[in-house]
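Text of the file coords-v8.txt, holding compact mmCIF, C-alpha atoms and all ligand atoms:
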```
# COMPACT_ATOMS: atom_id res chain seq x y z
CA MET L 886 -25.41 128.99 127.97
CA ARG L 887 -28.97 128.30 126.82
CA GLU L 888 -29.13 127.83 123.06
CA LYS L 889 -31.61 129.67 120.90
CA LEU L 890 -34.73 127.56 120.41
CA MET L 891 -35.70 126.07 117.09
CA GLU L 892 -37.89 128.53 115.17
CA LEU L 893 -41.27 126.95 114.43
CA LEU L 894 -43.27 128.41 111.54
CA SER L 895 -46.72 127.40 110.38
CA HIS L 896 -50.01 129.02 109.34
CA THR L 897 -53.66 128.15 109.93
CA ALA L 898 -54.50 128.84 106.27
CA MET L 899 -53.05 125.41 105.56
CA LEU L 900 -55.82 123.91 107.73
CA LYS L 901 -58.70 124.96 105.53
CA THR L 902 -57.82 122.78 102.56
CA GLY L 903 -57.50 119.14 101.68
CA ASP L 904 -59.94 116.35 100.98
CA PRO L 905 -60.81 114.81 104.40
CA ALA L 906 -60.99 111.36 102.79
CA HIS L 907 -57.45 111.66 101.46
CA PRO L 908 -54.49 110.61 103.67
CA GLU L 909 -52.84 114.00 103.14
CA ASN L 910 -55.46 116.21 104.73
CA ALA L 911 -55.56 119.09 107.18
CA THR L 912 -56.05 116.92 110.28
CA ARG L 913 -52.34 116.08 110.07
CA LEU L 914 -51.20 119.65 110.64
CA ALA L 915 -54.08 120.36 113.04
CA ALA L 916 -52.88 117.52 115.29
CA ILE L 917 -49.34 118.91 115.28
CA LEU L 918 -50.45 122.44 116.12
CA SER L 919 -52.69 121.14 118.90
CA ARG L 920 -49.89 119.01 120.39
CA LEU L 921 -47.42 121.90 120.35
CA LYS L 922 -49.96 124.34 121.77
CA SER L 923 -49.99 122.28 124.96
CA SER L 924 -46.18 122.33 125.14
CA GLU L 925 -43.60 124.93 126.03
CA TYR L 926 -42.77 125.55 122.37
CA ASN L 927 -44.26 128.54 120.58
CA ILE L 928 -45.22 128.46 116.93
CA ASP L 929 -45.08 131.63 114.84
CA LEU L 930 -48.36 131.54 112.89
CA THR L 931 -48.07 135.04 111.49
CA VAL L 932 -46.02 134.50 108.33
CA GLU L 933 -48.47 134.43 105.43
CA ARG L 934 -45.92 134.31 102.65
CA LEU L 935 -47.03 132.75 99.38
CA ALA L 936 -44.09 131.73 97.20
CA THR L 937 -44.08 133.92 94.11
CA ARG L 938 -43.93 132.64 90.55
CA ASP L 939 -40.25 133.61 90.42
CA GLU L 940 -39.55 131.72 93.62
CA LEU L 941 -41.39 128.62 92.37
CA ARG L 942 -39.36 128.92 89.16
CA LEU L 943 -36.21 128.24 91.18
CA VAL L 944 -37.20 124.58 90.80
CA HIS L 945 -40.30 124.26 88.63
CA SER L 946 -40.98 124.98 84.98
CA THR L 947 -43.20 127.89 83.99
CA ALA L 948 -45.61 125.53 82.22
CA TYR L 949 -46.05 123.40 85.35
CA ILE L 950 -46.50 126.43 87.61
CA ASP L 951 -49.11 127.90 85.27
CA GLN L 952 -50.95 124.56 85.19
CA MET L 953 -51.02 124.33 88.99
CA LEU L 954 -52.08 127.93 89.55
CA SER L 955 -54.94 127.48 87.09
CA PHE L 956 -56.31 124.64 89.27
CA ASP L 957 -56.81 126.70 92.40
CA LYS L 958 -60.32 126.38 93.92
CA GLU L 959 -61.00 123.17 91.99
CA TYR L 960 -60.96 119.43 92.68
CA MET L 961 -58.60 117.84 90.20
CA SER L 962 -57.36 114.28 89.87
CA LEU L 963 -54.07 114.01 88.02
CA GLU L 964 -51.63 111.25 87.16
CA HIS L 965 -48.99 110.07 89.66
CA GLU L 966 -51.58 109.83 92.48
CA MET L 967 -52.21 113.58 92.65
CA LEU L 968 -55.57 114.76 93.92
CA ILE L 969 -55.86 118.50 94.31
CA ALA L 970 -58.62 119.86 96.54
CA PRO L 971 -59.86 123.48 96.53
CA SER L 972 -57.15 125.83 97.87
CA ASP L 973 -54.51 123.09 98.02
CA VAL L 974 -52.41 125.07 95.55
CA GLU L 975 -52.60 128.13 97.79
CA SER L 976 -51.49 125.93 100.70
CA ALA L 977 -48.64 124.62 98.61
CA ARG L 978 -47.51 128.18 97.81
CA LEU L 979 -47.68 129.00 101.51
CA ALA L 980 -45.72 125.85 102.41
CA ALA L 981 -42.97 126.85 99.99
CA GLY L 982 -43.07 130.45 101.21
CA ILE L 983 -42.66 129.44 104.85
CA GLY L 984 -39.63 127.35 103.87
CA LEU L 985 -38.14 130.36 102.11
CA GLU L 986 -38.78 132.53 105.14
CA LEU L 987 -36.98 130.08 107.42
CA VAL L 988 -33.97 129.87 105.11
CA GLU L 989 -33.67 133.64 105.12
CA ARG L 990 -34.04 133.83 108.91
CA VAL L 991 -31.35 131.19 109.45
CA LEU L 992 -28.94 132.66 106.94
CA ASP L 993 -29.21 136.23 108.24
CA GLY L 994 -28.90 135.07 111.85
CA ARG L 995 -32.42 135.74 113.10
CA ALA L 996 -32.75 132.01 113.77
CA ARG L 997 -30.25 129.23 114.17
CA SER L 998 -32.52 126.36 113.25
CA GLY L 999 -36.14 125.90 112.32
CA PHE L 1000 -39.01 123.61 111.46
CA ALA L 1001 -41.42 124.41 108.61
CA LEU L 1002 -44.66 122.84 109.83
CA VAL L 1003 -46.36 122.82 106.48
CA ARG L 1004 -48.58 120.86 104.14
CA PRO L 1005 -48.88 119.61 101.48
CA PRO L 1006 -45.47 117.91 101.49
CA GLY L 1007 -43.03 118.51 98.65
CA HIS L 1008 -40.26 115.98 98.12
CA HIS L 1009 -41.93 114.01 95.30
CA ALA L 1010 -42.66 117.15 93.26
CA ARG L 1011 -40.47 117.12 90.17
CA PRO L 1012 -39.43 120.21 88.23
CA ASP L 1013 -42.03 119.52 85.53
CA ALA L 1014 -44.70 117.53 87.40
CA GLY L 1015 -46.32 117.09 90.75
CA MET L 1016 -46.35 113.63 92.22
CA GLY L 1017 -47.72 111.73 95.17
CA PHE L 1018 -49.26 114.29 97.50
CA CYS L 1019 -46.70 116.93 96.52
CA ILE L 1020 -47.39 120.03 94.43
CA PHE L 1021 -44.32 122.24 94.89
CA ASN L 1022 -40.99 120.97 96.21
CA ASN L 1023 -40.65 123.05 99.36
CA ILE L 1024 -37.20 121.86 100.39
CA ALA L 1025 -35.70 122.08 96.89
CA ILE L 1026 -37.01 125.63 96.48
CA ALA L 1027 -35.49 126.56 99.84
CA ALA L 1028 -32.16 125.00 98.87
CA LYS L 1029 -32.09 126.91 95.59
CA ARG L 1030 -32.76 130.11 97.48
CA ALA L 1031 -29.89 129.37 99.87
CA LEU L 1032 -27.57 128.77 96.92
CA ALA L 1033 -28.67 132.09 95.41
CA LEU L 1034 -27.84 133.78 98.71
CA GLY L 1035 -24.26 132.52 98.48
CA ILE L 1036 -24.30 129.22 100.36
CA GLN L 1037 -21.96 126.82 98.56
CA ARG L 1038 -22.56 123.45 100.22
CA ILE L 1039 -25.95 122.19 101.38
CA LEU L 1040 -26.75 118.80 102.83
CA ILE L 1041 -30.31 117.65 102.19
CA LEU L 1042 -31.18 114.68 104.35
CA ASP L 1043 -34.49 112.94 103.61
CA PHE L 1044 -35.75 110.44 106.17
CA ASP L 1045 -39.35 110.22 104.93
CA VAL L 1046 -40.20 106.55 104.35
CA HIS L 1047 -40.64 107.25 100.64
CA HIS L 1048 -37.87 108.19 98.23
CA GLY L 1049 -37.55 111.94 97.64
CA ASN L 1050 -37.37 111.57 93.90
CA GLY L 1051 -38.29 115.17 93.11
CA THR L 1052 -35.56 116.60 95.30
CA GLN L 1053 -33.05 114.14 93.87
CA GLU L 1054 -33.96 115.19 90.33
CA ALA L 1055 -33.62 118.91 91.15
CA PHE L 1056 -29.97 118.49 92.21
CA TYR L 1057 -28.87 115.36 90.34
CA ASP L 1058 -26.07 117.14 88.45
CA ASP L 1059 -25.20 119.64 91.19
CA ASN L 1060 -22.14 119.11 93.40
CA ARG L 1061 -23.15 121.95 95.73
CA VAL L 1062 -25.93 119.82 97.20
CA LEU L 1063 -25.29 116.46 98.85
CA PHE L 1064 -28.62 114.62 98.81
CA ILE L 1065 -28.87 111.64 101.17
CA ASP L 1066 -32.12 109.68 101.25
CA ILE L 1067 -32.97 106.85 103.64
CA HIS L 1068 -36.23 105.14 102.70
CA GLN L 1069 -38.14 101.87 102.49
CA ASP L 1070 -36.97 100.07 99.39
CA ASP L 1071 -39.22 100.27 96.33
CA LEU L 1072 -42.27 101.70 98.10
CA PHE L 1073 -43.27 104.89 96.25
CA PRO L 1074 -42.36 105.86 93.64
CA LYS L 1075 -41.74 102.37 92.32
CA HIS L 1076 -38.25 101.69 90.97
CA SER L 1077 -36.89 104.92 92.44
CA GLY L 1078 -34.10 105.46 94.94
CA SER L 1079 -31.73 102.57 94.31
CA ILE L 1080 -28.11 102.72 95.46
CA ASP L 1081 -27.14 102.92 91.78
CA GLU L 1082 -28.67 106.40 91.51
CA LYS L 1083 -25.61 108.45 92.46
CA GLY L 1084 -25.92 111.69 90.49
CA LYS L 1085 -24.48 112.62 87.10
CA ASP L 1086 -21.88 114.96 85.58
CA ALA L 1087 -20.57 117.33 88.25
CA GLY L 1088 -23.11 115.87 90.65
CA LEU L 1089 -21.83 112.31 90.38
CA GLY L 1090 -21.33 111.02 93.90
CA PHE L 1091 -23.49 113.75 95.45
CA THR L 1092 -26.66 111.66 95.53
CA VAL L 1093 -26.64 108.87 98.09
CA ASN L 1094 -29.60 106.52 98.38
CA ILE L 1095 -29.95 104.21 101.34
CA PRO L 1096 -32.90 101.89 100.69
CA LEU L 1097 -33.82 99.71 103.65
CA PRO L 1098 -35.97 96.59 103.84
CA ASP L 1099 -39.32 96.92 105.57
CA SER L 1100 -39.75 96.39 109.34
CA CYS L 1101 -36.65 98.36 110.39
CA PHE L 1102 -36.62 99.64 113.99
CA ASP L 1103 -35.26 102.74 115.70
CA ASP L 1104 -31.84 101.14 116.20
CA ASP L 1105 -31.55 100.29 112.52
CA TYR L 1106 -32.11 103.92 111.52
CA LEU L 1107 -29.82 105.24 114.24
CA ARG L 1108 -27.06 102.87 113.16
CA VAL L 1109 -27.32 104.06 109.55
CA LEU L 1110 -27.19 107.66 110.71
CA GLU L 1111 -24.11 107.08 112.83
CA LYS L 1112 -22.17 104.73 110.54
CA GLN L 1113 -23.10 105.92 107.05
CA ILE L 1114 -24.69 109.35 107.03
CA LYS L 1115 -22.63 111.14 109.67
CA PRO L 1116 -19.23 110.42 108.05
CA LEU L 1117 -20.53 111.47 104.63
CA ALA L 1118 -22.03 114.64 106.06
CA LEU L 1119 -18.98 115.68 108.05
CA ASN L 1120 -16.68 115.02 105.09
CA PHE L 1121 -18.88 117.23 102.87
CA LYS L 1122 -18.72 120.10 105.40
CA PRO L 1123 -22.16 121.59 104.67
CA GLU L 1124 -22.81 125.24 105.44
CA LEU L 1125 -26.51 124.48 105.88
CA ILE L 1126 -28.51 121.31 106.52
CA LEU L 1127 -32.07 120.90 105.25
CA VAL L 1128 -34.10 117.90 106.38
CA SER L 1129 -37.07 116.32 104.64
CA ALA L 1130 -38.73 115.17 107.83
CA GLY L 1131 -41.38 112.62 107.00
CA PHE L 1132 -42.83 110.51 109.79
CA ASP L 1133 -44.43 107.73 107.77
CA ALA L 1134 -41.81 105.22 108.92
CA HIS L 1135 -43.68 105.22 112.26
CA GLU L 1136 -44.80 101.73 113.30
CA ASP L 1137 -48.49 102.69 113.09
CA ASP L 1138 -48.40 104.60 109.83
CA PRO L 1139 -50.99 103.33 107.34
CA LEU L 1140 -48.87 103.84 104.21
CA ALA L 1141 -45.65 101.95 104.99
CA SER L 1142 -44.18 99.04 106.92
CA MET L 1143 -41.39 100.42 109.10
CA ARG L 1144 -41.32 100.19 112.91
CA LEU L 1145 -40.05 103.53 114.21
CA SER L 1146 -41.33 105.00 117.48
CA SER L 1147 -41.88 108.63 118.44
CA LYS L 1148 -38.90 108.42 120.79
CA GLY L 1149 -36.87 107.04 117.90
CA TYR L 1150 -37.67 110.11 115.83
CA GLY L 1151 -36.45 112.21 118.72
CA GLN L 1152 -33.16 110.33 118.68
CA ILE L 1153 -32.86 110.84 114.92
CA ALA L 1154 -33.28 114.59 115.46
CA LYS L 1155 -30.65 114.47 118.19
CA GLN L 1156 -28.15 112.88 115.80
CA ILE L 1157 -28.92 115.39 113.07
CA LYS L 1158 -28.36 118.21 115.52
CA ALA L 1159 -24.97 116.76 116.42
CA ILE L 1160 -24.04 116.74 112.74
CA ALA L 1161 -25.27 120.32 112.33
CA ASN L 1162 -23.36 121.51 115.37
CA ALA L 1163 -20.19 119.81 114.17
CA SER L 1164 -20.38 121.10 110.61
CA CYS L 1165 -22.32 124.36 110.33
CA ASP L 1166 -22.84 125.94 113.73
CA GLY L 1167 -26.20 124.23 114.08
CA LYS L 1168 -27.78 125.76 110.96
CA CYS L 1169 -30.51 123.26 110.20
CA ILE L 1170 -34.08 123.46 108.96
CA PHE L 1171 -36.63 120.66 109.06
CA PHE L 1172 -39.46 120.52 106.51
CA LEU L 1173 -42.55 118.45 107.28
CA GLU L 1174 -43.10 115.81 104.62
CA GLY L 1175 -45.24 112.68 105.22
CA GLY L 1176 -46.79 110.97 108.23
CA TYR L 1177 -50.40 109.83 107.94
CA ASN L 1178 -51.52 108.85 111.40
CA PRO L 1179 -52.24 112.33 112.80
CA GLU L 1180 -51.90 111.47 116.50
CA ASN L 1181 -48.58 109.69 116.04
CA LEU L 1182 -47.39 112.36 113.65
CA ALA L 1183 -47.98 115.01 116.29
CA ASN L 1184 -46.02 113.04 118.87
CA ASP L 1185 -43.19 112.33 116.41
CA VAL L 1186 -42.86 116.02 115.55
CA PHE L 1187 -42.98 116.99 119.21
CA GLU L 1188 -40.17 114.54 120.06
CA CYS L 1189 -38.02 115.91 117.24
CA ILE L 1190 -38.50 119.49 118.37
CA HIS L 1191 -38.02 118.59 122.02
CA GLU L 1192 -34.76 116.71 121.40
CA PHE L 1193 -33.48 119.42 119.09
CA ASN L 1194 -34.17 122.08 121.70
CA THR L 1195 -32.86 120.23 124.72
CA THR L 1196 -29.81 118.46 123.29
CA THR L 1197 -26.58 120.31 123.94
CA THR L 1198 -24.38 117.97 121.91
CA SER L 1199 -21.66 119.80 120.02
ZN ZN Q 1201 -43.70 109.70 102.61
```
Final structure tokens representation of the file:
Amino acid sequence: MREKLMELLSHTAMLKTGDPAHPENATRLAAILSRLKSSEYNIDLTVERLATRDELRLVHSTAYIDQMLSFDKEYMSLEHEMLIAPSDVESARLAAGIGLELVERVLDGRARSGFALVRPPGHHARPDAGMGFCIFNNIAIAAKRALALGIQRILILDFDVHHGNGTQEAFYDDNRVLFIDIHQDDLFPKHSGSIDEKGKDAGLGFTVNIPLPDSCFDDDYLRVLEKQIKPLALNFKPELILVSAGFDAHEDDPLASMRLSSKGYGQIAKQIKAIANASCDGKCIFFLEGGYNPENLANDVFECIHEFNTTTTS
């Protein structure tokens, strides 16, 4: 029986923002949309859902939200390498809103899996502060929404080359969310994501960091997925899997020093699908995080979607 295809959500409003001189600019998403347009996979570009203040409050403080919303339409340079271009905040609200929409579609059965093709990314955004290129933490907001809808165990898997410090912080004391992060050791943020960061209180043991040395190849990542992540994930028995899908571990990415190929990213997606099929009837949502060589990023995303849609592993 043919499985339902991965639901792809994006919106062209996220293409009108971003400083073209900044690595996190609209050409990234434009390249992805262009690549998918020439494929057999359809993207739903009709959902123009801006996360509300209440939805952003699922993760972020009121003071931080108010600060960000006051910056809309301005260029602002902030600490922690944040540069906000006109309308970036609106894009960030849309990115979070599209993630929320996908969670609701997967949980009420309209979709089985999905990919939020959004920008700016979110996994560095902390509850009280933006960071890196991240304004609102799209995946953490989506996870909080899923918990509010009654889901009791969520696996968040972050394979962006950088440590997802904001997501880790949002669930550090929460045993309902198993956060597993595979990243290049001590890249950005500095001194974040060591194996000693394991969670606290009820959440102790529910944060798992897997820092890797630079120059790891496809096989290195696939081995970690099979030997370390898969057993942890299956033992946790998640009801939903959310993936921080960053593609800046690609061999030609300008911001890191890993050696992954586009085909390798496809194989990573294939393994994640196998975990999702074995644990939660395939309920899995990818969220676009990093990846700063637009052409490679588009190919990486395509391979992920293609493998996820064609793999029948159960
Ligand atoms: Zn990254």
For a test of reading the model, state the distance in Å between CA of Lys1158 (chain L) and CA of Leu943 (chain L), rounded to one decimal.
27.5 Å
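Of the residues under consideration (L:Asp1086, L:Glu925, L:Asp1071, L:Glu892), L:Glu892 shows the shortest atom-to-atom contact distance to Leu987 (chain L) when counting all atoms listed in the file.
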Name the closest residue to Glu1192 (chain L) among the candidates L:Leu1110, L:Ile1157, L:Cys1169, L:Val1003; distances are taken between atoms, counting all atoms listed in the file.
L:Ile1157
Write out as a count of residues only which residues come within 9 Å of region 1114-1121 of chain L when counting all atoms listed in the file, dropping same-chain ones fewer than 4 positions away.
14
Go through L:Asp929, L:Glu1136, L:Asp1166, L:Asp904 and flag the residue nearest Leu1002 (chain L), using all atoms listed in the file for the distances.
L:Asp929
What are the nearest atom pairs, with distances in Å to one decimal, for all residues of chain L that come at most 7 Å from ligand ZN 1201 (chain Q), using all atoms listed in the file, set out by chain and rising residue number as JSON lines?
```
{"residue": "L:Asp1045", "atom": "CA", "partner": "Q:ZN1201", "partner_atom": "ZN", "distance": 5.0}
{"residue": "L:Val1046", "atom": "CA", "partner": "Q:ZN1201", "partner_atom": "ZN", "distance": 5.0}
{"residue": "L:His1047", "atom": "CA", "partner": "Q:ZN1201", "partner_atom": "ZN", "distance": 4.4}
{"residue": "L:Gly1131", "atom": "CA", "partner": "Q:ZN1201", "partner_atom": "ZN", "distance": 5.8}
{"residue": "L:Asp1133", "atom": "CA", "partner": "Q:ZN1201", "partner_atom": "ZN", "distance": 5.6}
{"residue": "L:Glu1174", "atom": "CA", "partner": "Q:ZN1201", "partner_atom": "ZN", "distance": 6.5}
{"residue": "L:Gly1175", "atom": "CA", "partner": "Q:ZN1201", "partner_atom": "ZN", "distance": 4.3}
{"residue": "L:Gly1176", "atom": "CA", "partner": "Q:ZN1201", "partner_atom": "ZN", "distance": 6.5}
```
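Taking CA of Arg934 (chain L) and CA of Met967 (chain L) as the two end points, the separation is 23.9 Å.
The two atoms in question, CA of Arg978 (chain L) and CA of Phe1021 (chain L), are spaced 7.3 Å apart.
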May I ask which of the residues L:Ala915, L:Leu935, L:Leu1173, L:Leu1127 is the closest one to Ala1025 (chain L), counting only C-alpha atoms?
L:Leu1127
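Minimum atom-to-atom distances from L:Ile969, L:Leu921, L:Ile1036, L:Val932 to Thr897 (chain L) were compared using all atoms listed in the file, and the lowest value belongs to L:Val932.
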Just the residues within 6 Å of region 1088-1090 of chain L, please, counting all atoms listed in the file, with nothing from its chain fewer than 4 positions along; format it as a ChimeraX atom specification.
/L:1057-1060,1083-1084
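For the choices L:Ile950, L:Met891, L:Cys1101, L:Val1128, the atom-to-atom distance to Tyr926 (chain L) is smallest for L:Met891 when using all atoms listed in the file.
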Excluding Gly994 (chain L) and any residue of its chain fewer than 3 positions from it, enumerate the residues within 12 Å of it, using only C-alpha atoms, and give them as number ranges by chain.
L: 889, 892, 987-991, 997-999, 1166-1168
Starting from the point (-39.1, 98.7, 112.9), work out which residues of protein, DNA or RNA have an atom no more than 10 Å away when counting all atoms listed in the file; state them as a list in words.
Pro1098, Asp1099, Ser1100, Cys1101, Phe1102, Asp1103, Asp1104, Asp1105, Tyr1106, Ala1134, His1135, Glu1136, Ser1142, Met1143, Arg1144, Leu1145, Ser1146 and Gly1149 of chain L
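Residues lying within 9 Å of Glu940 (chain L), counting all atoms listed in the file and ignoring same-chain neighbours fewer than 6 positions away, are Ala981, Gly982, Leu985, Ile1026 and Arg1030 of chain L.
Residues lying at most 8 Å from (-52.7, 128.2, 118.0) in file coordinates, with only C-alpha atoms considered, are Leu918, Ser919, Lys922, Ile928 and Leu930 of chain L.
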With a distance cut-off of 10 Å and only C-alpha atoms, select the neighbouring residues of Glu959 (chain L), excluding the residue or stretch itself and same-chain residues fewer than 5 positions from it, and output the selection as an MDAnalysis selection string.
chainID L and resid 969:974
Can you pull region 1039-1098 of chain L out of that block with C-alpha atoms and hand it back as a tab-separated table (two decimals), in the first residue's frame?
```
chain	number	residue	atom	x	y	z
L	1039	ILE	CA	8.36	13.40	22.45
L	1040	LEU	CA	11.75	12.67	20.96
L	1041	ILE	CA	13.53	15.75	19.65
L	1042	LEU	CA	16.48	14.79	17.49
L	1043	ASP	CA	18.81	17.60	16.43
L	1044	PHE	CA	21.34	16.83	13.70
L	1045	ASP	CA	22.26	20.43	12.83
L	1046	VAL	CA	26.05	20.77	13.03
L	1047	HIS	CA	25.67	23.24	15.89
L	1048	HIS	CA	24.40	22.41	19.36
L	1049	GLY	CA	20.70	23.13	19.86
L	1050	ASN	CA	21.25	24.91	23.13
L	1051	GLY	CA	17.92	26.74	23.15
L	1052	THR	CA	15.91	23.57	22.70
L	1053	GLN	CA	17.96	21.82	25.35
L	1054	GLU	CA	17.30	24.65	27.81
L	1055	ALA	CA	13.54	24.60	27.14
L	1056	PHE	CA	13.24	20.94	28.21
L	1057	TYR	CA	16.24	20.47	30.52
L	1058	ASP	CA	14.11	19.48	33.53
L	1059	ASP	CA	11.34	17.75	31.57
L	1060	ASN	CA	11.19	13.94	31.37
L	1061	ARG	CA	8.44	14.05	28.73
L	1062	VAL	CA	10.93	15.18	26.09
L	1063	LEU	CA	14.02	13.17	25.20
L	1064	PHE	CA	16.42	15.61	23.54
L	1065	ILE	CA	19.25	14.03	21.54
L	1066	ASP	CA	21.74	16.32	19.82
L	1067	ILE	CA	24.53	15.23	17.48
L	1068	HIS	CA	26.84	18.12	16.60
L	1069	GLN	CA	30.40	19.22	15.90
L	1070	ASP	CA	32.15	19.58	19.23
L	1071	ASP	CA	32.53	23.12	20.60
L	1072	LEU	CA	31.56	24.95	17.41
L	1073	PHE	CA	28.70	27.33	18.30
L	1074	PRO	CA	27.75	28.15	20.94
L	1075	LYS	CA	31.15	27.71	22.54
L	1076	HIS	CA	31.28	25.43	25.58
L	1077	SER	CA	27.78	24.09	24.92
L	1078	GLY	CA	26.61	20.55	24.28
L	1079	SER	CA	29.08	18.41	26.21
L	1080	ILE	CA	28.22	14.84	27.16
L	1081	ASP	CA	28.07	16.03	30.78
L	1082	GLU	CA	24.94	18.07	30.03
L	1083	LYS	CA	22.33	15.40	30.78
L	1084	GLY	CA	19.32	17.28	32.13
L	1085	LYS	CA	18.35	18.07	35.72
L	1086	ASP	CA	15.69	17.16	38.29
L	1087	ALA	CA	12.97	15.07	36.62
L	1088	GLY	CA	14.71	15.63	33.31
L	1089	LEU	CA	18.00	14.07	34.38
L	1090	GLY	CA	18.97	11.55	31.73
L	1091	PHE	CA	16.57	13.01	29.15
L	1092	THR	CA	19.18	15.21	27.48
L	1093	VAL	CA	21.76	13.32	25.46
L	1094	ASN	CA	24.57	15.19	23.73
L	1095	ILE	CA	26.73	13.48	21.15
L	1096	PRO	CA	29.57	15.85	20.23
L	1097	LEU	CA	31.70	14.64	17.33
L	1098	PRO	CA	35.13	15.75	16.16
```
